[in-house]
Amino acid sequence: MLALTALLCACADKSEPPRAIMGADAGRGLEVMERVGCAACHVTPGIDWPKGLAGPSLQGFADSPMIAGQFPNRPDVLIAFLKDAPSMAPSTAMPAMPLTDAEARDLAAYLYTLHD
């Protein structure tokens, strides 16, 4: 019986709840993305042009377990990455972005709306 319980727990739904960021506004995050030019490097849902190909598409970002294939996709990690990706991943092509803490939170909130 114990083995069966362990097996059932191993198969349980481990999906994460939506990632809420206190005080963040996804609508403002889209505005920040447009202003700082994220779409110059990334295909970005909600932004028609440009359709950058230097970085990965951001479609489905909210469903990805990883950021840049290296870091857990958690709000605190994402906010730090958005502000200064090179300090976390020195070989990244993504530059440090001129974002305030509030802008980075808003941008992260928008990214967490992007599901497949």
# chains A, B, ... in the order shown; residues from 1 in each chain; ligands from 1

call {"tool": "select_by_dssp", "arguments": {"residues": "chain A", "states": "helix (DSSP H, G or I)", "output": "number ranges by chain"}}
result
A: 2-10, 26-36, 38-40, 61-63, 75-88, 101-111

call {"tool": "residues_around", "arguments": {"residues": "Pro65 of chain A", "least_positions_apart": "4", "cutoff": "12 Å", "atoms": "only C-alpha atoms", "output": "ChimeraX atom specification"}}
result
/A:14-16,19,60-61,69-75,77-78,112

call {"tool": "closest_residue", "arguments": {"among": "A:Ala102, A:Met22, A:Leu30, A:Leu82", "to": "Thr44 of chain A", "atoms": "only C-alpha atoms"}}
result
A:Leu30

call {"tool": "residues_around", "arguments": {"residues": "Ala62 of chain A", "least_positions_apart": "3", "cutoff": "8 Å", "atoms": "only C-alpha atoms", "output": "ChimeraX atom specification"}}
result
/A:111-115

call {"tool": "write_last_selection", "arguments": {"atoms": "all heavy atoms", "output": "tab-separated table (two decimals), in the first residue's frame"}}
result
chain	number	residue	atom	x	y	z
A	111	LEU	N	5.27	38.76	-19.17
A	111	LEU	CA	5.81	37.48	-19.65
A	111	LEU	C	5.04	36.30	-19.09
A	111	LEU	O	4.85	35.29	-19.76
A	111	LEU	CB	7.29	37.38	-19.32
A	111	LEU	CG	8.21	38.30	-20.12
A	111	LEU	CD1	9.63	38.26	-19.56
A	111	LEU	CD2	8.20	37.93	-21.60
A	112	TYR	N	4.55	36.43	-17.85
A	112	TYR	CA	3.79	35.33	-17.25
A	112	TYR	C	2.36	35.23	-17.77
A	112	TYR	O	1.63	34.33	-17.38
A	112	TYR	CB	3.83	35.44	-15.72
A	112	TYR	CG	5.17	35.05	-15.15
A	112	TYR	CD1	5.72	35.76	-14.09
A	112	TYR	CD2	5.89	33.96	-15.65
A	112	TYR	CE1	6.96	35.40	-13.56
A	112	TYR	CE2	7.12	33.61	-15.14
A	112	TYR	CZ	7.65	34.33	-14.09
A	112	TYR	OH	8.87	33.97	-13.56
A	113	THR	N	1.97	36.12	-18.68
A	113	THR	CA	0.68	35.97	-19.37
A	113	THR	C	0.83	35.20	-20.67
A	113	THR	O	-0.17	34.86	-21.31
A	113	THR	CB	0.03	37.33	-19.69
A	113	THR	OG1	0.77	38.00	-20.70
A	113	THR	CG2	-0.12	38.19	-18.44
A	114	LEU	N	2.07	34.93	-21.08
A	114	LEU	CA	2.32	34.33	-22.40
A	114	LEU	C	2.35	32.80	-22.31
A	114	LEU	O	3.38	32.20	-22.02
A	114	LEU	CB	3.64	34.86	-22.96
A	114	LEU	CG	3.73	36.38	-23.10
A	114	LEU	CD1	5.09	36.78	-23.64
A	114	LEU	CD2	2.60	36.91	-23.98
A	115	HIS	N	1.20	32.21	-22.55
A	115	HIS	CA	1.07	30.75	-22.55
A	115	HIS	C	0.98	30.23	-23.97
A	115	HIS	O	0.61	30.96	-24.88
A	115	HIS	CB	-0.20	30.35	-21.78
A	115	HIS	CG	-0.14	30.72	-20.32
A	115	HIS	ND1	0.51	29.94	-19.40
A	115	HIS	CD2	-0.63	31.79	-19.66
A	115	HIS	CE1	0.40	30.52	-18.21
A	115	HIS	NE2	-0.27	31.65	-18.34

call {"tool": "closest_residue", "arguments": {"among": "A:Leu58, A:Ala89, A:Ala80, A:Val43", "to": "Glu103 of chain A", "atoms": "only C-alpha atoms"}}
result
A:Ala80
